Amino acid sequence: MTSESTLFSNRWLPVLLVAPFMLLIILFFYVPIFQAFYWSFFLEQPFGGGSMFVGLDNFARVLSDREFWQAGGRTLVFMVTASSLAVLIPLILAVAADRKIRLSLPARNVLVWPKGVAGASIGVVFAFVFNPFVGILAPLNKAFPGIWAPGIDGTDAFITLIAAHVWSGIPFNFVILLAGLQSIPRTMQQAAAMDGAGPWRRIFDVQLPLIMPQLFLTLVLEFTESVTSAFALIDTITHGGPGGATTLLVYKIYKDGFSGYDLSGAATQTAILMVFVILLTAAQFAFLGRRINYER
Amino acid sequence: MKISILAAAAAVMAGACSAQAANIEFWYGNTGPVETAIKAQCDAFNAAQTQHKVTCVGQGSYEVSMQKAIAAYRAKNHPVLIQFFDAGTLDLMLSNAVVPVQEILPDVKWNSYIAGARAYYETSGGKLFAQPYNASTLLFYTNRTELEKAGVTQTPTTWEEVIDAARKLKAAGHACPFVTDGDTWRVLEQFSARHGLPIASRHNGYDGLDAEYVFNTTFVAKHLQNLVDWRKEGLVRLNADTKAGNYTAAFNAGECAMMEGSSGSYAASTKAFDGKYQITVNMAPMYKGYERHNTLVGGASIYVMKGHDQAEVDGAKAFLDFLRKPEQQMAFTAATGYVPVTNDVLEAINKSGDAKAAKYATAAIGIESMNQPPTADSRGIRLGFYVQFREIFMEETQKAYAGQQTMQVSLDNAKKRGDELLRRFEQTYKGVKLP
C-alpha cells in the first residue's frame, strides 16, 4: 500500500491504466447484472414492446416453483460433492508430488495440462469416455446389462458430471496447493522427522496447517465457481437430463431465458443465484477465513 | 458476424445507389443436407436476378436462431426474413415483431397451400402469418430387409401390427425392433392430432389464451404407458438405449428396424441404406378402432420481421416468391425429403413423370397424411411458451421411462407445469387478442 505513491508520480495515471478494464467489467458485468435485477421486477415480452411492473410477483412465482428448489438442491449437492472432490484429489496429488517420489517431476508437469482444455471440450470428451456402449465402463455393461446408463439413469448422469468437473478442476488447485507445500521450509519437516513424526503425522500436523491459506483459497474459488462453471459440461454432456436430473440452477436459468423466452423468470433466478453466491462467499470468509493464520 | 456487417454495409451502399434494390438477410436454423439445399436456393435466387441480393445465415439450430433474433430485434439489428419452427407459432404471432406474409403479399394465391399447412399458420381471419418453407410431417419408417428376415412381409399400419412385428423381430434375435426418442412432437402432438385427441382445451388454444392442457386425460396417456411397457419388454428403445445414441442414427445404421420420424430425415436414411437395406415409408401407425385424422405440418416456416424499409421488404417479397416456385420446391423436396405443401407443386410433380421416384416418396405420403379428415383439434397448436413446454414434457416422461414415477404422474406433472406456462403467457400478453 505504501509503495503506490512512489510508483506513480501522477495520481490519475493508475486510474487511467485501470480504466479500460473497468470499462469492460462495467459493460459486460455490472450493466447486465443491473438489467437482470431490473427485469426481475417486470414481466417482459420476449421481443420487447411491452413490459409490465409486477413488483415481487416474479420472486413469489420462482420461490413457489418446485422445479426451482429442486434445481437449487441439485446445485447444492453438486457444489458440495464436486468442490470437495476437486480440492481433495488435487491435495492428495500435490502431497504426493511434493515428496521426492518417482515420477513426481513429470507428474507436476502433466497434471497441469488439462488447464488448457475448455469446459465444452472436456464435456465432449467425457461424453465419450462415459458412453455406456463404447466408453471405459462398457465392459461393466457387458457383464451387467444396464448397470451404467447415464442416458436413462439420473444418478449416473450426475456422476459423469462430477467426474468431468473434478477432472477439469485438478490443474489449478494442484498448482496452488503444490506451491503452498513447496513454500514450507524443509527445516520444519526435518525437525518434525527428528522428533519422530512419521510421514502421515507430518502431513497432518505440519503440512496441512501450513497450507491452510491455499486450501481456503481453492475451496472458496471452487465453491463459487462450481455454481456457474458446470454450465459448459451440462450443455455438452447431459443437456440437463435425463428427466431433469442434471438441471442445475445455472442451466435452468439458461433454458428458461433462452429456449423458454421467460426473460423475467430467468432474470429473477439470476438475481437469487447471485445473492446466494455472494452470501456463501461472505459466510466462508466470516466463519472459515477468520481462523486462518496467514503468518508463518 | 462478419457476414452480417458486410451485408449491412452493402445494404447501405446499395440503398444509396438505387431505392429499389436491396441486400437482405435470411436466418435459418438447419444443418447438414438441409442447410446445403437452403444455400443452393439462396445462390440460385442471387443468380436468377440482379436487383436483390439475399445473404443466408445459418445459426446452427432453430432455437439459437430465435435467441439471436430476439436479441437482434431489441437492438434493431434484425434480419428481414427468419425461419422458425412450428412450436414458436404463437410466440411469434403475439410478438408484434413480424408482419403476416399474406398482408404484405396480398396477391399470392395462398389458397394453393393445403388446408393442413394453412390451418397451422393462419389467423382466425384466415390470413397466413408465415410462409411454410421446410414442411414435414410424421411418417413411419421400416427397414424392410430386417423385417423380412424376421418373417414380417406386410408393413405394419396399426400399433397392434407394429408390436406384433416387434415381437417377431425380437424372437428372431433383433436387439432393437422399434426406436423413438419420445420427442413431444412425435409422441404427443402428431399422435394426438391423427387420433383426433385434444392436447389442450379451447381447441389447443385456437379459441383463446385461457386454454389448459388436457393431454393427461386422453388416450395419449395409455399410448405412453404402452411405450414404457414395450420398452421393458425389449420391443422399444429410446435414444439412450441405442449404440448410436440417437434414434435416426440407430435406424440409419441398421441397428433398429422401425422408427417414427420426420419426413425430413428421409434423404439421410435412403443415403445410409443405399445398397444395404430396403426402406419403406408410410403414414404413422394408428391404434385399431380410431379413425385416422390429419397429422400436423411440422418443420418450419419463414416470417417477415418488422422495422425494415420498403426496398428490403421488396427484396424479401421477391425471395419468398422465388421459394414458392414449383421447380424450387421440387428441388428442395428432392434434396431433403421435406414435403411441398402447395397443390400446384404436387401437380407439377405428377406431371414431371418422376412421381414414383424415391426422391419424391415422402411428398405423396406426407401430403396424404396431412390431408386426412381434420378435426377442430388437429388444426395445430396455438399455445404460448410452447417451446419450453416441449422440454418439460420430455423431462417428465423421461422420469417415467427411467422408472422413477408412473407415466400418469409424469403427465399430470407436465400438465401442471404446462398450465403455469400458459398462465404466465396470458399475463405477459395481457389484453392482447389472438390474431
# chains A, B, ... in the order shown; residues from 1 in each chain; ligands from 1

$ select_by_dssp --residues "stretch 198-432 of chain B" --states "strand (DSSP E or B)" --output "list in words"
Ala200, Tyr213, Val236, Arg237, Met258, Met259, Glu260, Gly261, Ser262, Ile279, Thr280, Val281, Asn282, Met283, Met286, Gly298, Gly299, Ala300, Ser301, Ile302, Tyr303, Val304, Met305, Val339 and Thr342 of chain B

$ residues_around --residues "stretch 64-71 of chain B" --least-positions-apart "5" --cutoff "7 Å" --atoms "only C-alpha atoms" --output "PyMOL selection string"
(chain A and resi 46-47+258) or (chain B and resi 27-29+59+78)

$ interface_residues --of "chain A" --to "chain B" --cutoff "7 Å" --atoms "only C-alpha atoms" --output "list in words"
Leu43, Glu44, Gln45, Pro46, Phe47, Gly48, Phe133, Gly151, Ile152, Asp153, Gly241, Pro242, Gly243, Gly244, Phe258, Ser259 and Gly260 of chain A

$ write_last_selection --atoms "C-alpha atoms" --output "mmCIF file, in the first residue's frame"
data_model
loop_
_atom_site.group_PDB
_atom_site.id
_atom_site.type_symbol
_atom_site.label_atom_id
_atom_site.label_comp_id
_atom_site.auth_asym_id
_atom_site.auth_seq_id
_atom_site.Cartn_x
_atom_site.Cartn_y
_atom_site.Cartn_z
ATOM 1 C CA LEU A 43 -42.954 -9.128 -16.795
ATOM 2 C CA GLU A 44 -41.047 -8.723 -20.008
ATOM 3 C CA GLN A 45 -42.278 -9.633 -23.500
ATOM 4 C CA PRO A 46 -39.525 -11.508 -25.343
ATOM 5 C CA PHE A 47 -39.361 -9.181 -28.329
ATOM 6 C CA GLY A 48 -39.687 -6.059 -26.218
ATOM 7 C CA PHE A 133 -21.526 -48.686 -25.244
ATOM 8 C CA GLY A 151 -28.732 -41.501 -20.681
ATOM 9 C CA ILE A 152 -31.517 -43.089 -18.622
ATOM 10 C CA ASP A 153 -30.388 -43.008 -15.011
ATOM 11 C CA GLY A 241 -31.307 -34.690 -18.496
ATOM 12 C CA PRO A 242 -32.291 -37.404 -18.153
ATOM 13 C CA GLY A 243 -35.556 -36.295 -16.643
ATOM 14 C CA GLY A 244 -34.004 -33.054 -15.417
ATOM 15 C CA PHE A 258 -33.243 -18.659 -23.966
ATOM 16 C CA SER A 259 -35.437 -21.533 -25.022
ATOM 17 C CA GLY A 260 -38.453 -20.571 -22.935
#

$ select_by_dssp --residues "stretch 46-201 of chain A" --states "alpha helix (DSSP H)" --output "PyMOL selection string"
chain A and resi 57-63+66-98+104-110+119-129+138-143+154-182+186-194+199-201

$ write_last_selection --atoms "C-alpha atoms" --output "mmCIF file, in the first residue's frame"
data_model
loop_
_atom_site.group_PDB
_atom_site.id
_atom_site.type_symbol
_atom_site.label_atom_id
_atom_site.label_comp_id
_atom_site.auth_asym_id
_atom_site.auth_seq_id
_atom_site.Cartn_x
_atom_site.Cartn_y
_atom_site.Cartn_z
ATOM 1 C CA ASP A 57 -44.584 -11.353 -8.343
ATOM 2 C CA ASN A 58 -41.649 -12.908 -10.169
ATOM 3 C CA PHE A 59 -39.917 -13.719 -6.893
ATOM 4 C CA ALA A 60 -43.108 -15.194 -5.486
ATOM 5 C CA ARG A 61 -43.538 -17.303 -8.617
ATOM 6 C CA VAL A 62 -39.934 -18.541 -8.647
ATOM 7 C CA LEU A 63 -39.786 -19.230 -4.919
ATOM 8 C CA ARG A 66 -40.903 -26.806 -7.081
ATOM 9 C CA GLU A 67 -38.546 -27.026 -10.063
ATOM 10 C CA PHE A 68 -36.575 -24.054 -8.797
ATOM 11 C CA TRP A 69 -35.985 -25.655 -5.413
ATOM 12 C CA GLN A 70 -35.115 -28.982 -6.973
ATOM 13 C CA ALA A 71 -32.591 -27.333 -9.267
ATOM 14 C CA GLY A 72 -31.294 -25.398 -6.267
ATOM 15 C CA GLY A 73 -30.963 -28.619 -4.286
ATOM 16 C CA ARG A 74 -29.073 -30.261 -7.128
ATOM 17 C CA THR A 75 -26.812 -27.209 -7.308
ATOM 18 C CA LEU A 76 -26.034 -27.594 -3.592
ATOM 19 C CA VAL A 77 -25.318 -31.301 -3.916
ATOM 20 C CA PHE A 78 -23.096 -30.620 -6.888
ATOM 21 C CA MET A 79 -21.346 -27.784 -5.111
ATOM 22 C CA VAL A 80 -20.539 -29.800 -2.015
ATOM 23 C CA THR A 81 -19.556 -33.088 -3.669
ATOM 24 C CA ALA A 82 -17.818 -31.762 -6.762
ATOM 25 C CA SER A 83 -15.999 -28.931 -4.996
ATOM 26 C CA SER A 84 -14.793 -31.100 -2.125
ATOM 27 C CA LEU A 85 -13.521 -33.718 -4.536
ATOM 28 C CA ALA A 86 -11.995 -31.051 -6.757
ATOM 29 C CA VAL A 87 -9.910 -29.896 -3.783
ATOM 30 C CA LEU A 88 -9.319 -33.255 -2.110
ATOM 31 C CA ILE A 89 -7.962 -35.060 -5.157
ATOM 32 C CA PRO A 90 -5.507 -32.310 -6.148
ATOM 33 C CA LEU A 91 -4.454 -32.152 -2.488
ATOM 34 C CA ILE A 92 -3.583 -35.846 -2.484
ATOM 35 C CA LEU A 93 -1.776 -35.454 -5.795
ATOM 36 C CA ALA A 94 0.082 -32.367 -4.584
ATOM 37 C CA VAL A 95 1.209 -34.017 -1.344
ATOM 38 C CA ALA A 96 2.412 -36.972 -3.388
ATOM 39 C CA ALA A 97 4.153 -34.798 -5.961
ATOM 40 C CA ASP A 98 5.773 -32.748 -3.226
ATOM 41 C CA SER A 104 6.862 -36.701 -9.252
ATOM 42 C CA LEU A 105 8.627 -34.253 -11.558
ATOM 43 C CA PRO A 106 6.876 -35.329 -14.804
ATOM 44 C CA ALA A 107 3.625 -35.630 -12.863
ATOM 45 C CA ARG A 108 3.859 -31.989 -11.794
ATOM 46 C CA ASN A 109 4.062 -31.114 -15.451
ATOM 47 C CA VAL A 110 1.446 -33.453 -16.867
ATOM 48 C CA GLY A 119 -15.029 -26.803 -20.440
ATOM 49 C CA ALA A 120 -17.076 -27.632 -23.514
ATOM 50 C CA SER A 121 -14.265 -29.759 -24.968
ATOM 51 C CA ILE A 122 -13.920 -31.593 -21.670
ATOM 52 C CA GLY A 123 -17.642 -32.223 -21.839
ATOM 53 C CA VAL A 124 -17.441 -33.723 -25.307
ATOM 54 C CA VAL A 125 -14.535 -35.960 -24.278
ATOM 55 C CA PHE A 126 -16.267 -37.169 -21.124
ATOM 56 C CA ALA A 127 -19.457 -37.874 -23.035
ATOM 57 C CA PHE A 128 -17.387 -40.376 -24.995
ATOM 58 C CA VAL A 129 -15.393 -41.663 -22.041
ATOM 59 C CA ALA A 138 -18.703 -50.580 -21.489
ATOM 60 C CA PRO A 139 -17.181 -53.878 -20.217
ATOM 61 C CA LEU A 140 -19.100 -53.424 -16.966
ATOM 62 C CA ASN A 141 -22.273 -53.008 -19.012
ATOM 63 C CA LYS A 142 -21.483 -56.174 -20.943
ATOM 64 C CA ALA A 143 -21.232 -58.111 -17.701
ATOM 65 C CA GLY A 154 -30.122 -39.574 -13.439
ATOM 66 C CA THR A 155 -27.606 -40.654 -10.802
ATOM 67 C CA ASP A 156 -25.233 -42.000 -13.441
ATOM 68 C CA ALA A 157 -25.502 -38.758 -15.371
ATOM 69 C CA PHE A 158 -24.777 -36.780 -12.206
ATOM 70 C CA ILE A 159 -21.694 -38.902 -11.503
ATOM 71 C CA THR A 160 -20.445 -38.264 -15.034
ATOM 72 C CA LEU A 161 -20.856 -34.556 -14.481
ATOM 73 C CA ILE A 162 -18.996 -34.584 -11.166
ATOM 74 C CA ALA A 163 -16.155 -36.644 -12.653
ATOM 75 C CA ALA A 164 -15.762 -34.196 -15.534
ATOM 76 C CA HIS A 165 -15.870 -31.212 -13.187
ATOM 77 C CA VAL A 166 -13.322 -32.660 -10.772
ATOM 78 C CA TRP A 167 -11.017 -33.587 -13.619
ATOM 79 C CA SER A 168 -11.150 -30.095 -15.063
ATOM 80 C CA GLY A 169 -10.510 -28.585 -11.624
ATOM 81 C CA ILE A 170 -7.365 -30.616 -10.903
ATOM 82 C CA PRO A 171 -4.717 -28.439 -12.614
ATOM 83 C CA PHE A 172 -5.434 -25.108 -10.970
ATOM 84 C CA ASN A 173 -5.938 -26.463 -7.475
ATOM 85 C CA PHE A 174 -2.940 -28.747 -7.898
ATOM 86 C CA VAL A 175 -0.668 -25.836 -8.802
ATOM 87 C CA ILE A 176 -1.866 -23.681 -5.911
ATOM 88 C CA LEU A 177 -1.607 -26.457 -3.343
ATOM 89 C CA LEU A 178 1.756 -27.664 -4.610
ATOM 90 C CA ALA A 179 3.123 -24.129 -4.467
ATOM 91 C CA GLY A 180 1.886 -23.920 -0.892
ATOM 92 C CA LEU A 181 3.559 -27.187 0.030
ATOM 93 C CA GLN A 182 6.813 -26.200 -1.602
ATOM 94 C CA ARG A 186 12.158 -28.028 4.659
ATOM 95 C CA THR A 187 13.718 -27.483 8.048
ATOM 96 C CA MET A 188 10.281 -27.782 9.645
ATOM 97 C CA GLN A 189 9.734 -31.170 8.125
ATOM 98 C CA GLN A 190 13.204 -32.238 9.075
ATOM 99 C CA ALA A 191 12.689 -31.038 12.616
ATOM 100 C CA ALA A 192 9.416 -32.951 12.800
ATOM 101 C CA ALA A 193 11.111 -36.049 11.452
ATOM 102 C CA MET A 194 13.859 -35.695 14.018
ATOM 103 C CA PRO A 199 5.100 -39.198 7.094
ATOM 104 C CA TRP A 200 1.376 -39.217 7.951
ATOM 105 C CA ARG A 201 1.884 -37.274 11.153
#

$ residues_around --residues "stretch 286-303 of chain B" --least-positions-apart "4" --cutoff "7 Å" --atoms "only C-alpha atoms" --output "MDAnalysis selection string"
chainID B and resid 81:86 98 116:117 130:138 157:160 190 193:196 369:374 378 380

$ atom_distance --atom1 "atom CA of B:Lys127" --atom2 "atom CA of B:Ser112"
13.1 Å

$ atom_distance --atom1 "atom CA of A:Ser264" --atom2 "atom CA of A:Val277"
20.0 Å

$ residues_around --residues "B:Ser269" --least-positions-apart "6" --cutoff "10 Å" --atoms "only C-alpha atoms" --output "list in words"
Tyr141, Asn143, Thr248, Ala249, Phe251, Asn252, Ala253, Gly254, Ile279 and Gly337 of chain B

$ atom_distance --atom1 "atom CA of A:Leu273" --atom2 "atom CA of A:Ala118"
23.8 Å
